[in-house]
Each structure stands twice: as C-alpha cells, then as structure tokens.
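Chemist: My structure file final13.pdb, PDB, C-alpha atoms and all ligand atoms, is below:
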MODEL        1
ATOM      1  CA  MET A 279       3.642   5.234  19.866
ATOM      2  CA  ARG A 280       7.242   5.789  18.770
ATOM      3  CA  LEU A 281       8.040   8.191  15.945
ATOM      4  CA  THR A 282      11.187   8.066  13.822
ATOM      5  CA  PHE A 283      11.874  11.028  11.535
ATOM      6  CA  TYR A 284      13.288  10.200   8.092
ATOM      7  CA  GLY A 285      13.558  13.752   6.763
ATOM      8  CA  HIS A 286      11.213  16.159   4.962
ATOM      9  CA  SER A 287       7.687  14.851   5.750
ATOM     10  CA  CYS A 288       8.618  11.200   6.055
ATOM     11  CA  PHE A 289       8.288   9.489   9.408
ATOM     12  CA  GLY A 290       7.705   6.053  10.814
ATOM     13  CA  LEU A 291       5.381   5.115  13.663
ATOM     14  CA  GLU A 292       5.711   2.015  15.765
ATOM     15  CA  ILE A 293       2.358   1.109  17.272
ATOM     16  CA  GLY A 294       2.447  -2.068  19.278
ATOM     17  CA  GLY A 295       4.372  -4.319  16.947
ATOM     18  CA  THR A 296       3.078  -2.628  13.804
ATOM     19  CA  HIS A 297       5.199  -0.302  11.684
ATOM     20  CA  ILE A 298       3.519   2.531   9.812
ATOM     21  CA  LEU A 299       5.539   4.621   7.356
ATOM     22  CA  VAL A 300       4.230   8.010   6.232
ATOM     23  CA  ASP A 301       5.031   9.877   2.986
ATOM     24  CA  PRO A 302       8.205   8.042   1.942
ATOM     25  CA  PHE A 303      10.704  10.447   0.384
ATOM     26  CA  ILE A 304      14.239   9.486   1.344
ATOM     27  CA  THR A 305      16.567   8.548  -1.513
ATOM     28  CA  PRO A 306      16.129  11.853  -3.434
ATOM     29  CA  ASN A 307      16.694  13.828  -0.202
ATOM     30  CA  GLU A 308      20.393  14.608   0.177
ATOM     31  CA  LYS A 309      19.809  15.487   3.822
ATOM     32  CA  ALA A 310      18.573  11.931   4.438
ATOM     33  CA  ALA A 311      21.602  10.264   2.817
ATOM     34  CA  GLY A 312      22.311   8.501   6.115
ATOM     35  CA  ILE A 313      19.048   6.557   5.934
ATOM     36  CA  ASP A 314      19.170   3.187   4.164
ATOM     37  CA  ILE A 315      15.672   2.464   2.909
ATOM     38  CA  ALA A 316      16.447  -1.273   2.986
ATOM     39  CA  SER A 317      16.462  -0.980   6.790
ATOM     40  CA  ILE A 318      12.995   0.585   7.028
ATOM     41  CA  LYS A 319      10.210  -1.598   8.344
ATOM     42  CA  ALA A 320       6.663  -1.044   7.139
ATOM     43  CA  ASP A 321       3.455  -2.996   7.484
ATOM     44  CA  TYR A 322       1.454  -0.050   6.174
ATOM     45  CA  ILE A 323       2.472   3.053   4.228
ATOM     46  CA  LEU A 324       0.281   6.155   4.440
ATOM     47  CA  VAL A 325       0.503   8.598   1.522
ATOM     48  CA  SER A 326      -1.070  12.030   1.978
ATOM     49  CA  HIS A 327      -0.996  13.130  -1.683
ATOM     50  CA  GLY A 328       0.708  12.444  -4.966
ATOM     51  CA  HIS A 329       3.634  14.873  -5.040
ATOM     52  CA  ALA A 330       7.056  13.340  -5.558
ATOM     53  CA  ASP A 331       8.341  14.613  -2.222
ATOM     54  CA  HIS A 332       5.762  12.297  -0.572
ATOM     55  CA  VAL A 333       5.770   9.198  -2.796
ATOM     56  CA  ALA A 334       9.305   8.910  -4.233
ATOM     57  CA  ASP A 335      10.284   5.725  -2.386
ATOM     58  CA  CYS A 336       6.802   4.300  -1.926
ATOM     59  CA  VAL A 337       6.932   1.603  -4.612
ATOM     60  CA  ALA A 338      10.414   0.404  -3.610
ATOM     61  CA  ILE A 339       9.613   0.224   0.111
ATOM     62  CA  ALA A 340       6.205  -1.371  -0.475
ATOM     63  CA  GLN A 341       7.843  -4.018  -2.665
ATOM     64  CA  GLN A 342      10.633  -4.760  -0.202
ATOM     65  CA  THR A 343       8.348  -4.920   2.839
ATOM     66  CA  GLY A 344       5.064  -6.165   1.368
ATOM     67  CA  ALA A 345       3.351  -3.208   3.045
ATOM     68  CA  THR A 346      -0.207  -2.154   2.269
ATOM     69  CA  VAL A 347      -0.398   1.415   0.981
ATOM     70  CA  ILE A 348      -3.220   3.615   2.318
ATOM     71  CA  GLY A 349      -4.047   6.806   0.454
ATOM     72  CA  SER A 350      -6.593   8.429  -1.794
ATOM     73  CA  PHE A 351      -8.357   6.357  -4.441
ATOM     74  CA  GLU A 352      -6.290   7.998  -7.181
ATOM     75  CA  VAL A 353      -2.930   7.839  -5.386
ATOM     76  CA  CYS A 354      -3.464   4.157  -4.605
ATOM     77  CA  ASN A 355      -4.466   3.317  -8.153
ATOM     78  CA  TRP A 356      -1.383   5.040  -9.574
ATOM     79  CA  LEU A 357       0.929   3.302  -7.096
ATOM     80  CA  HIS A 358      -0.734  -0.033  -7.904
ATOM     81  CA  SER A 359      -0.042   0.578 -11.608
ATOM     82  CA  LYS A 360       3.612   1.185 -10.697
ATOM     83  CA  GLY A 361       3.990  -2.092  -8.831
ATOM     84  CA  VAL A 362       2.519  -1.740  -5.330
ATOM     85  CA  ALA A 363       0.678  -5.021  -4.751
ATOM     86  CA  LYS A 364      -1.453  -4.157  -1.719
ATOM     87  CA  ILE A 365      -3.483  -0.946  -1.545
ATOM     88  CA  HIS A 366      -6.315   0.367   0.590
ATOM     89  CA  GLN A 367      -8.116   3.223  -1.131
ATOM     90  CA  MET A 368      -9.730   5.944   0.986
ATOM     91  CA  ASN A 369     -10.925   9.498   0.509
ATOM     92  CA  THR A 370     -11.458  12.659   2.518
ATOM     93  CA  GLY A 371     -13.858  12.170   5.423
ATOM     94  CA  GLY A 372     -13.446   8.425   5.588
ATOM     95  CA  VAL A 373     -12.450   6.464   8.678
ATOM     96  CA  LYS A 374     -11.210   2.892   8.589
ATOM     97  CA  ALA A 375     -10.324   0.607  11.471
ATOM     98  CA  PHE A 376      -7.336  -1.635  10.902
ATOM     99  CA  GLU A 377      -6.125  -4.338  13.270
ATOM    100  CA  TRP A 378      -3.565  -1.946  14.797
ATOM    101  CA  GLY A 379      -5.682   1.240  15.004
ATOM    102  CA  SER A 380      -7.733   3.548  12.827
ATOM    103  CA  VAL A 381      -7.096   6.108  10.116
ATOM    104  CA  ARG A 382      -9.317   9.116   9.450
ATOM    105  CA  CYS A 383      -8.697  11.110   6.262
ATOM    106  CA  THR A 384      -8.930  14.854   6.854
ATOM    107  CA  ASN A 385      -9.125  17.746   4.451
ATOM    108  CA  ALA A 386      -5.887  19.387   3.316
ATOM    109  CA  LEU A 387      -5.792  22.623   1.363
ATOM    110  CA  HIS A 388      -3.119  21.857  -1.222
ATOM    111  CA  SER A 389      -2.899  20.123  -4.621
ATOM    112  CA  SER A 390      -2.219  16.537  -5.611
ATOM    113  CA  SER A 391      -0.765  15.267  -8.869
ATOM    114  CA  MET A 392       1.419  12.215  -9.296
ATOM    115  CA  PRO A 393       5.077  12.622 -10.384
ATOM    116  CA  ASP A 394       4.117  11.933 -14.043
ATOM    117  CA  GLY A 395       1.287  14.464 -13.978
ATOM    118  CA  THR A 396      -1.532  11.954 -13.446
ATOM    119  CA  TYR A 397      -4.408  13.361 -11.391
ATOM    120  CA  GLY A 398      -3.814  12.484  -7.743
ATOM    121  CA  GLY A 399      -7.225  13.090  -6.178
ATOM    122  CA  ASN A 400      -7.732  15.190  -3.073
ATOM    123  CA  PRO A 401      -4.731  15.895  -0.864
ATOM    124  CA  MET A 402      -5.377  14.629   2.654
ATOM    125  CA  GLY A 403      -4.167  14.605   6.214
ATOM    126  CA  PHE A 404      -4.637  11.735   8.650
ATOM    127  CA  ILE A 405      -5.726  11.214  12.219
ATOM    128  CA  ILE A 406      -4.051   8.024  13.364
ATOM    129  CA  SER A 407      -5.650   6.558  16.481
ATOM    130  CA  ALA A 408      -4.338   3.648  18.501
ATOM    131  CA  GLY A 409      -4.198   2.675  22.156
ATOM    132  CA  GLY A 410      -6.245   5.694  23.240
ATOM    133  CA  GLN A 411      -3.867   8.140  21.534
ATOM    134  CA  ASN A 412      -4.624  10.347  18.550
ATOM    135  CA  LEU A 413      -1.950  11.718  16.255
ATOM    136  CA  TYR A 414      -2.848  14.332  13.647
ATOM    137  CA  TYR A 415      -0.649  14.609  10.571
ATOM    138  CA  SER A 416      -1.995  17.462   8.464
ATOM    139  CA  GLY A 417      -0.138  16.578   5.275
ATOM    140  CA  ASP A 418       0.875  19.449   3.035
ATOM    141  CA  THR A 419      -1.716  22.121   3.680
ATOM    142  CA  ALA A 420      -2.429  25.749   4.222
ATOM    143  CA  LEU A 421      -3.910  26.832   7.508
ATOM    144  CA  THR A 422      -7.620  26.156   7.119
ATOM    145  CA  LEU A 423     -10.636  26.577   9.358
ATOM    146  CA  ASP A 424     -11.426  22.904   8.742
ATOM    147  CA  MET A 425      -8.773  22.178  11.392
ATOM    148  CA  GLN A 426     -11.312  23.308  14.002
ATOM    149  CA  LEU A 427     -13.097  20.023  13.363
ATOM    150  CA  ILE A 428     -10.096  17.922  14.372
ATOM    151  CA  PRO A 429     -10.549  18.041  18.182
ATOM    152  CA  ARG A 430     -14.269  17.243  17.834
ATOM    153  CA  TRP A 431     -13.213  13.733  16.795
ATOM    154  CA  GLY A 432     -11.121  13.251  19.927
ATOM    155  CA  LYS A 433      -8.342  14.811  21.953
ATOM    156  CA  VAL A 434      -5.233  15.117  19.802
ATOM    157  CA  ASN A 435      -2.139  14.151  21.782
ATOM    158  CA  PHE A 436       0.371  14.941  19.121
ATOM    159  CA  SER A 437       0.479  16.719  15.756
ATOM    160  CA  VAL A 438       2.860  16.596  12.821
ATOM    161  CA  LEU A 439       2.600  19.839  10.866
ATOM    162  CA  PRO A 440       4.484  21.446   7.954
ATOM    163  CA  ILE A 441       6.325  24.604   8.987
ATOM    164  CA  GLY A 442       8.458  25.455   5.947
ATOM    165  CA  ASP A 443       6.175  27.979   4.197
ATOM    166  CA  ASN A 444       6.166  28.569   0.403
ATOM    167  CA  PHE A 445       4.438  25.246  -0.526
ATOM    168  CA  THR A 446       2.528  24.844   2.752
ATOM    169  CA  MET A 447       1.773  26.869   5.840
ATOM    170  CA  GLY A 448       4.777  28.389   7.552
ATOM    171  CA  TYR A 449       5.491  28.099  11.251
ATOM    172  CA  GLU A 450       3.403  31.094  12.263
ATOM    173  CA  ASP A 451       0.316  29.602  10.628
ATOM    174  CA  ALA A 452       1.274  26.208  12.051
ATOM    175  CA  VAL A 453       1.025  27.763  15.529
ATOM    176  CA  GLU A 454      -2.554  28.766  14.671
ATOM    177  CA  ALA A 455      -3.186  25.267  13.357
ATOM    178  CA  ALA A 456      -1.993  23.739  16.624
ATOM    179  CA  ARG A 457      -4.307  26.107  18.513
ATOM    180  CA  MET A 458      -7.279  25.005  16.407
ATOM    181  CA  VAL A 459      -6.349  21.379  16.875
ATOM    182  CA  GLN A 460      -5.946  22.049  20.639
ATOM    183  CA  CYS A 461      -2.654  20.250  20.689
ATOM    184  CA  THR A 462       0.406  21.368  22.668
ATOM    185  CA  THR A 463       3.035  19.062  21.199
ATOM    186  CA  VAL A 464       3.991  19.444  17.551
ATOM    187  CA  VAL A 465       6.639  17.853  15.361
ATOM    188  CA  GLY A 466       7.570  20.250  12.565
ATOM    189  CA  VAL A 467       8.162  18.802   9.095
ATOM    190  CA  HIS A 468       8.445  19.969   5.459
ATOM    191  CA  TYR A 469      11.205  22.515   6.118
ATOM    192  CA  ASP A 470      14.890  22.993   5.174
ATOM    193  CA  THR A 471      14.803  20.261   2.474
ATOM    194  CA  PHE A 472      14.876  22.698  -0.471
ATOM    195  CA  PRO A 473      16.013  26.349  -0.668
ATOM    196  CA  PRO A 474      12.446  27.806  -0.772
ATOM    197  CA  ILE A 475      11.548  26.156   2.540
ATOM    198  CA  ILE A 476      14.645  26.922   4.600
ATOM    199  CA  ILE A 477      13.574  28.428   7.916
ATOM    200  CA  ASP A 478      15.119  29.872  11.064
ATOM    201  CA  ARG A 479      14.594  27.005  13.512
ATOM    202  CA  GLU A 480      15.087  29.165  16.578
ATOM    203  CA  GLN A 481      12.456  31.637  15.381
ATOM    204  CA  ALA A 482      10.091  28.750  14.735
ATOM    205  CA  LYS A 483      10.628  27.296  18.199
ATOM    206  CA  LYS A 484      10.134  30.740  19.749
ATOM    207  CA  ALA A 485       6.855  31.274  17.857
ATOM    208  CA  PHE A 486       5.511  28.003  19.239
ATOM    209  CA  ALA A 487       6.909  28.567  22.726
ATOM    210  CA  ASP A 488       5.279  31.997  22.870
ATOM    211  CA  ALA A 489       1.953  30.225  22.290
ATOM    212  CA  GLY A 490       2.667  27.642  25.002
ATOM    213  CA  ILE A 491       3.206  24.908  22.436
ATOM    214  CA  GLN A 492       6.242  22.646  22.264
ATOM    215  CA  LEU A 493       7.818  22.376  18.808
ATOM    216  CA  LEU A 494       9.941  19.284  18.349
ATOM    217  CA  LEU A 495      12.407  19.183  15.465
ATOM    218  CA  PRO A 496      13.922  15.708  15.642
ATOM    219  CA  ALA A 497      17.102  15.036  13.711
ATOM    220  CA  ILE A 498      16.858  12.808  10.651
ATOM    221  CA  GLY A 499      17.029   9.257  11.944
ATOM    222  CA  GLU A 500      16.052  10.253  15.492
ATOM    223  CA  THR A 501      13.337   8.309  17.323
ATOM    224  CA  ILE A 502      11.098   9.890  19.949
ATOM    225  CA  ASP A 503       8.455   8.406  22.220
ATOM    226  CA  ILE A 504       5.108  10.124  21.918
TER     227      ILE A 504
HETATM  228 NI    NI A 601       2.802  18.659  -1.806
HETATM  229 MN    MN A 602       5.361  18.428  -0.171
ENDMDL
END
Take the structure in the file and give it back as structure tokens.
Ligand code: NI
Ligand code: MN

Modeler:
Amino acid sequence: MRLTFYGHSCFGLEIGGTHILVDPFITPNEKAAGIDIASIKADYILVSHGHADHVADCVAIAQQTGATVIGSFEVCNWLHSKGVAKIHQMNTGGVKAFEWGSVRCTNALHSSSMPDGTYGGNPMGFIISAGGQNLYYSGDTALTLDMQLIPRWGKVNFSVLPIGDNFTMGYEDAVEAARMVQCTTVVGVHYDTFPPIIIDREQAKKAFADAGIQLLLPAIGETIDI
C-alpha cells in the first residue's frame, strides 16, 4: 500500500491499481492549499463520520472521479441527497469484501452529525485489508477499550490515529491505543489544523518513541510506502 497525506485526517491509499480516499477535507484547510482536489484520484471514498472536517470535499471529489462512497447508512444517504451517485452503506461491526480488499467498520467513541445538522449515524473507524496487510484507521475517537478487539481480527501492520486532543484522543492516549492495537507504526492525524488541536510534534514523537512505537507525521502532499 502507498499512503499520501492530504492534511488533517484526509489521506489516500493506493492498493494495487485502486485508489481509496479517506475523509476528504482539503479545500477548507488553509494548510492544504497546495493540494488541488482536481488532481486527486479516487475509486472509493471512505467517510468515517459526518463532521465537516471529514466530508467537506466528498461530493465534489465523488462527482469528478465517479468514486463509490463507503460510510455509515446515514452518512451515505445524506451524501447521496447532495449529489453522490454511488454509495455503499455500512454500519459498525460490518465487513465487506470489495474487488480490491475488504473494509471492516469499527467502533469509534465520538459523535456524528452532518454539516447541516442532519443525524449522521454512528461514527466509525475502518480496518482496510488488502494483499495480506491490515491498516487500522480509528477515525475521530477517544481511547476506548474496544480497541483491544482490533488485533483479534488480524495483525495490524499500520495504524492511522488522531493525536491532536480536544476533539479526539491526544497523543498520549494514542500511544495507549497503538499498544491495544499491537501496532508499532502509526501515522498521526487530526492535529495542528485548528488552534485547539495544535500540538508539540517533538513531544508527540517522544511519547511514541518511549513506548517503542514509530510515529510518522508526513508532510501534506507527502507519499509513504507502508
Ligand atoms: Ni469529528
Ligand atoms: Mn474531526
């Protein structure tokens, strides 16, 4: 898999020849001004919950790419009503095999309303499995004991976890999350975008390093092989 970071909690995965985009929030993010959404490829778009900082560019990118959006029943229905043609509705606990790999919807301890206040269903995380690799993206969440279930479904090679605190777990709780998930490589997301979630990156890296876990903080636009 190859991961490209687009800022905040938005990232792309290239799996074989398939492009998966997660939680598209780019044009409202001043820090991601260098990213042109017209250049983003997507066959599928995964949406963890309904908050604007996860769905802002979803309709535009789905329309320009023809991507299928995967998310909760309620998130998908709302996006469909806003012009997304192809949706695949899921809910917490569900697993679905697609031609490129599988998606498991995990519990996230957060909230989920759409930008206009419409109910957004349960917030979720995802385990994305392809080619013998498992990636866990927790979505926006607090640290929760439910994360102990994650490794029972398979060895997690790589996790994407929020580390910015205030709206989600901070980096110290994210270290505990990585321990529960039994994963030693983490990409930190959901930090530095807004004043309440500005963190000390060096302190965050040290907290992970002290636990024997590598914290990767790719630059916006950077691609890494995972
Ligand atoms: Ni949120
Ligand atoms: Mn968020």

Chemist: Taking all atoms listed in the file into account, name the residue in A:Leu413, A:Ile405, A:Ala330, A:Met392 that is nearest to Cys354 of chain A.

Modeler: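 When distances to Cys354 of chain A are compared using all atoms listed in the file, the smallest one comes from A:Met392.
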
Chemist: Need the shell around Leu439 of chain A: protein/DNA/RNA residues with any atom at most 10 Å away, counting all atoms listed in the file. Skip same-chain ones fewer than 2 positions apart. Format as a list of chain:residue names?

Modeler: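 Everything that qualifies: A:Ser287, A:Gly403, A:Tyr414, A:Tyr415, A:Ser416, A:Gly417, A:Asp418, A:Thr419, A:Phe436, A:Ser437, A:Ile441, A:Gly442, A:Thr446, A:Met447, A:Gly448, A:Tyr449, A:Ala452, A:Val453, A:Ala455, A:Ala456, A:Val464, A:Val465, A:Gly466, A:Val467, A:His468, A:Leu493.
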
Chemist: Counting all atoms listed in the file, which of A:Asn369, A:Gln342, A:Gln460, A:Thr305 gets nearest to Lys433 of chain A?

Modeler: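 Nearest to Lys433 of chain A: A:Gln460.
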
Chemist: Show me which residues sit within 7 Å of ligand NI 601 (chain A) when counting all atoms listed in the file, and put them as a PyMOL selection string.

Modeler: chain A and resi 327+329+331+388-390+418+445

Chemist: Where does the PyMOL selection byres (((chain A and resi 297) around 9) and not hetatm) land in this file, that is, which residues does it pick, as a ChimeraX atom specification?

Modeler: /A:290-296,298-299,319-323

Chemist: Would you write out, as a list in words, every residue that the PyMOL selection byres (((chain A and resi 432) around 12) and not hetatm) captures in this file?

Modeler: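 The output of the PyMOL selection byres (((chain A and resi 432) around 12) and not hetatm) on this file is Arg382, Ile405, Ile406, Ser407, Ala408, Gly410, Gln411, Asn412, Leu413, Tyr414, Gln426, Leu427, Ile428, Pro429, Arg430, Trp431, Lys433, Val434, Asn435, Phe436, Val459, Gln460 and Cys461 of chain A.
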
Chemist: Using atom CA of Pro401 of chain A and atom CA of Ala487 of chain A as the two end points, give the distance in Å to one decimal.

Modeler: 29.2 Å

Chemist: Closest to ligand MN 602 (chain A) among A:Thr396, A:Ser317, A:Asn355, A:Ser326, using all atoms listed in the file?

Modeler: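 Answer, going by the shortest atom-to-atom distance: A:Ser326.
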
Chemist: List the neighbours of Val325 of chain A out to 7 Å using only C-alpha atoms; skip same-chain residues closer than 5 positions along the sequence, and give me the result as a ChimeraX atom specification.

Modeler: /A:300-301,332-333,348-349

Chemist: Please work out which residues fall within 12 Å of (15.4, 18.8, 1.6), coordinates as given in the file, with all atoms listed in the file counting, and return them as a list in words.

Modeler: Tyr284, Gly285, His286, Ser287, Cys288, Phe303, Ile304, Thr305, Pro306, Asn307, Glu308, Lys309, Ala310, Ala311, Asp331, His332, Gly442, Val467, His468, Tyr469, Asp470, Thr471, Phe472, Pro473, Pro474, Ile475, Ile476, Ile477 and Ile498 of chain A

Chemist: Could you check which of A:Thr384, A:Ser350, A:Asn444, A:Thr343 is closest to Val362 of chain A, using all atoms listed in the file?

Modeler: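 Among A:Thr384, A:Ser350, A:Asn444, A:Thr343, it is A:Thr343 that comes nearest to Val362 of chain A.
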
Chemist: Any idea what the distance is between atom CA of Ala316 of chain A and atom CA of Ile365 of chain A?

Modeler: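 A separation of 20.4 Å between them.
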
Chemist: Calculated over only C-alpha atoms and all ligand atoms, which of the candidates A:Ala497, A:Ala482, A:Ala334, A:Cys383 has the smallest distance to ligand MN 602 (chain A)?

Modeler: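 Selected residue with least distance to ligand MN 602 (chain A): A:Ala334.
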
Chemist: Compare A:Ala489, A:Ile502, A:Val337, A:Ala420 by their minimum atom-to-atom distance to ligand MN 602 (chain A), counting all atoms listed in the file, and give me the closest one.

Modeler: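 Once distances to ligand MN 602 (chain A) are computed over all atoms listed in the file, the minimum belongs to A:Ala420.
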
Chemist: Using the file's own x, y and z axes, what box holds all listed atoms of segment 421-438 of chain A with 6 Å on each side, keeping edges along x, y and z, and what are its centre and edge lengths in Å to one decimal, as JSON?

Modeler:
{"center_x": -5.7, "center_y": 20.0, "center_z": 14.5, "size_x": 29.1, "size_y": 25.6, "size_z": 26.8}

Chemist: (4.3, -1.9, -4.6) in this file's frame - what residues fall within 10 Å of it? Use only C-alpha atoms and give the answer as a PyMOL selection string.

Modeler: chain A and resi 335-347+354+357-365

Chemist: Figure out the distance between atom CA of Thr462 of chain A and atom CA of Ile491 of chain A, please, to one decimal in Å.

Modeler: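 Between these atoms lies a distance of 4.5 Å.
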
Chemist: Mind filling out segment 390-422 of chain A with N, CA and C atoms and sending it as a PDB file, in the frame of the given file?

Modeler:
ATOM      1  N   SER A 390      -2.680  17.922  -5.613  1.00  0.00           N
ATOM      2  CA  SER A 390      -2.219  16.537  -5.611  1.00  0.00           C
ATOM      3  C   SER A 390      -2.171  16.009  -7.030  1.00  0.00           C
ATOM      4  N   SER A 391      -0.967  15.961  -7.593  1.00  0.00           N
ATOM      5  CA  SER A 391      -0.765  15.267  -8.869  1.00  0.00           C
ATOM      6  C   SER A 391       0.390  14.302  -8.663  1.00  0.00           C
ATOM      7  N   MET A 392       0.364  13.220  -9.418  1.00  0.00           N
ATOM      8  CA  MET A 392       1.419  12.215  -9.296  1.00  0.00           C
ATOM      9  C   MET A 392       2.675  12.732 -10.012  1.00  0.00           C
ATOM     10  N   PRO A 393       3.840  12.122  -9.772  1.00  0.00           N
ATOM     11  CA  PRO A 393       5.077  12.622 -10.384  1.00  0.00           C
ATOM     12  C   PRO A 393       5.032  12.708 -11.912  1.00  0.00           C
ATOM     13  N   ASP A 394       4.214  11.868 -12.581  1.00  0.00           N
ATOM     14  CA  ASP A 394       4.117  11.933 -14.043  1.00  0.00           C
ATOM     15  C   ASP A 394       2.974  12.818 -14.524  1.00  0.00           C
ATOM     16  N   GLY A 395       2.352  13.542 -13.598  1.00  0.00           N
ATOM     17  CA  GLY A 395       1.287  14.464 -13.978  1.00  0.00           C
ATOM     18  C   GLY A 395      -0.111  13.890 -13.864  1.00  0.00           C
ATOM     19  N   THR A 396      -0.213  12.581 -13.629  1.00  0.00           N
ATOM     20  CA  THR A 396      -1.532  11.954 -13.446  1.00  0.00           C
ATOM     21  C   THR A 396      -2.259  12.632 -12.278  1.00  0.00           C
ATOM     22  N   TYR A 397      -3.584  12.795 -12.457  1.00  0.00           N
ATOM     23  CA  TYR A 397      -4.408  13.361 -11.391  1.00  0.00           C
ATOM     24  C   TYR A 397      -4.281  12.536 -10.112  1.00  0.00           C
ATOM     25  N   GLY A 398      -4.063  13.195  -9.000  1.00  0.00           N
ATOM     26  CA  GLY A 398      -3.814  12.484  -7.743  1.00  0.00           C
ATOM     27  C   GLY A 398      -4.928  12.569  -6.727  1.00  0.00           C
ATOM     28  N   GLY A 399      -6.117  13.023  -7.146  1.00  0.00           N
ATOM     29  CA  GLY A 399      -7.225  13.090  -6.178  1.00  0.00           C
ATOM     30  C   GLY A 399      -7.039  14.214  -5.177  1.00  0.00           C
ATOM     31  N   ASN A 400      -7.820  14.162  -4.114  1.00  0.00           N
ATOM     32  CA  ASN A 400      -7.732  15.190  -3.073  1.00  0.00           C
ATOM     33  C   ASN A 400      -6.500  14.962  -2.205  1.00  0.00           C
ATOM     34  N   PRO A 401      -5.764  16.035  -1.888  1.00  0.00           N
ATOM     35  CA  PRO A 401      -4.731  15.895  -0.864  1.00  0.00           C
ATOM     36  C   PRO A 401      -5.402  15.679   0.486  1.00  0.00           C
ATOM     37  N   MET A 402      -4.757  14.950   1.372  1.00  0.00           N
ATOM     38  CA  MET A 402      -5.377  14.629   2.654  1.00  0.00           C
ATOM     39  C   MET A 402      -4.373  14.754   3.789  1.00  0.00           C
ATOM     40  N   GLY A 403      -4.924  14.850   4.994  1.00  0.00           N
ATOM     41  CA  GLY A 403      -4.167  14.605   6.214  1.00  0.00           C
ATOM     42  C   GLY A 403      -4.750  13.354   6.852  1.00  0.00           C
ATOM     43  N   PHE A 404      -4.165  12.944   7.982  1.00  0.00           N
ATOM     44  CA  PHE A 404      -4.637  11.735   8.650  1.00  0.00           C
ATOM     45  C   PHE A 404      -4.705  11.954  10.154  1.00  0.00           C
ATOM     46  N   ILE A 405      -5.737  11.417  10.770  1.00  0.00           N
ATOM     47  CA  ILE A 405      -5.726  11.214  12.219  1.00  0.00           C
ATOM     48  C   ILE A 405      -5.512   9.723  12.439  1.00  0.00           C
ATOM     49  N   ILE A 406      -4.423   9.410  13.100  1.00  0.00           N
ATOM     50  CA  ILE A 406      -4.051   8.024  13.364  1.00  0.00           C
ATOM     51  C   ILE A 406      -4.332   7.765  14.839  1.00  0.00           C
ATOM     52  N   SER A 407      -5.224   6.830  15.107  1.00  0.00           N
ATOM     53  CA  SER A 407      -5.650   6.558  16.481  1.00  0.00           C
ATOM     54  C   SER A 407      -5.312   5.128  16.852  1.00  0.00           C
ATOM     55  N   ALA A 408      -4.680   4.988  18.014  1.00  0.00           N
ATOM     56  CA  ALA A 408      -4.338   3.648  18.501  1.00  0.00           C
ATOM     57  C   ALA A 408      -4.050   3.731  19.995  1.00  0.00           C
ATOM     58  N   GLY A 409      -4.509   2.747  20.729  1.00  0.00           N
ATOM     59  CA  GLY A 409      -4.198   2.675  22.156  1.00  0.00           C
ATOM     60  C   GLY A 409      -4.636   3.904  22.931  1.00  0.00           C
ATOM     61  N   GLY A 410      -5.744   4.522  22.526  1.00  0.00           N
ATOM     62  CA  GLY A 410      -6.245   5.694  23.240  1.00  0.00           C
ATOM     63  C   GLY A 410      -5.535   6.985  22.893  1.00  0.00           C
ATOM     64  N   GLN A 411      -4.585   6.935  21.955  1.00  0.00           N
ATOM     65  CA  GLN A 411      -3.867   8.140  21.534  1.00  0.00           C
ATOM     66  C   GLN A 411      -4.265   8.529  20.119  1.00  0.00           C
ATOM     67  N   ASN A 412      -4.304   9.841  19.892  1.00  0.00           N
ATOM     68  CA  ASN A 412      -4.624  10.347  18.550  1.00  0.00           C
ATOM     69  C   ASN A 412      -3.492  11.230  18.064  1.00  0.00           C
ATOM     70  N   LEU A 413      -2.977  10.908  16.896  1.00  0.00           N
ATOM     71  CA  LEU A 413      -1.950  11.718  16.255  1.00  0.00           C
ATOM     72  C   LEU A 413      -2.549  12.344  14.999  1.00  0.00           C
ATOM     73  N   TYR A 414      -2.371  13.645  14.856  1.00  0.00           N
ATOM     74  CA  TYR A 414      -2.848  14.332  13.647  1.00  0.00           C
ATOM     75  C   TYR A 414      -1.657  14.703  12.791  1.00  0.00           C
ATOM     76  N   TYR A 415      -1.629  14.184  11.576  1.00  0.00           N
ATOM     77  CA  TYR A 415      -0.649  14.609  10.571  1.00  0.00           C
ATOM     78  C   TYR A 415      -1.440  15.356   9.510  1.00  0.00           C
ATOM     79  N   SER A 416      -1.157  16.633   9.347  1.00  0.00           N
ATOM     80  CA  SER A 416      -1.995  17.462   8.464  1.00  0.00           C
ATOM     81  C   SER A 416      -1.714  17.235   6.993  1.00  0.00           C
ATOM     82  N   GLY A 417      -0.575  16.595   6.667  1.00  0.00           N
ATOM     83  CA  GLY A 417      -0.138  16.578   5.275  1.00  0.00           C
ATOM     84  C   GLY A 417       0.264  17.972   4.838  1.00  0.00           C
ATOM     85  N   ASP A 418       0.587  18.121   3.567  1.00  0.00           N
ATOM     86  CA  ASP A 418       0.875  19.449   3.035  1.00  0.00           C
ATOM     87  C   ASP A 418      -0.440  20.217   3.012  1.00  0.00           C
ATOM     88  N   THR A 419      -0.478  21.345   3.676  1.00  0.00           N
ATOM     89  CA  THR A 419      -1.716  22.121   3.680  1.00  0.00           C
ATOM     90  C   THR A 419      -1.441  23.559   4.091  1.00  0.00           C
ATOM     91  N   ALA A 420      -2.337  24.413   3.651  1.00  0.00           N
ATOM     92  CA  ALA A 420      -2.429  25.749   4.222  1.00  0.00           C
ATOM     93  C   ALA A 420      -3.145  25.643   5.556  1.00  0.00           C
ATOM     94  N   LEU A 421      -3.033  26.693   6.350  1.00  0.00           N
ATOM     95  CA  LEU A 421      -3.910  26.832   7.508  1.00  0.00           C
ATOM     96  C   LEU A 421      -5.342  26.913   6.991  1.00  0.00           C
ATOM     97  N   THR A 422      -6.224  26.135   7.558  1.00  0.00           N
ATOM     98  CA  THR A 422      -7.620  26.156   7.119  1.00  0.00           C
ATOM     99  C   THR A 422      -8.547  25.976   8.319  1.00  0.00           C
TER     100      THR A 422
END
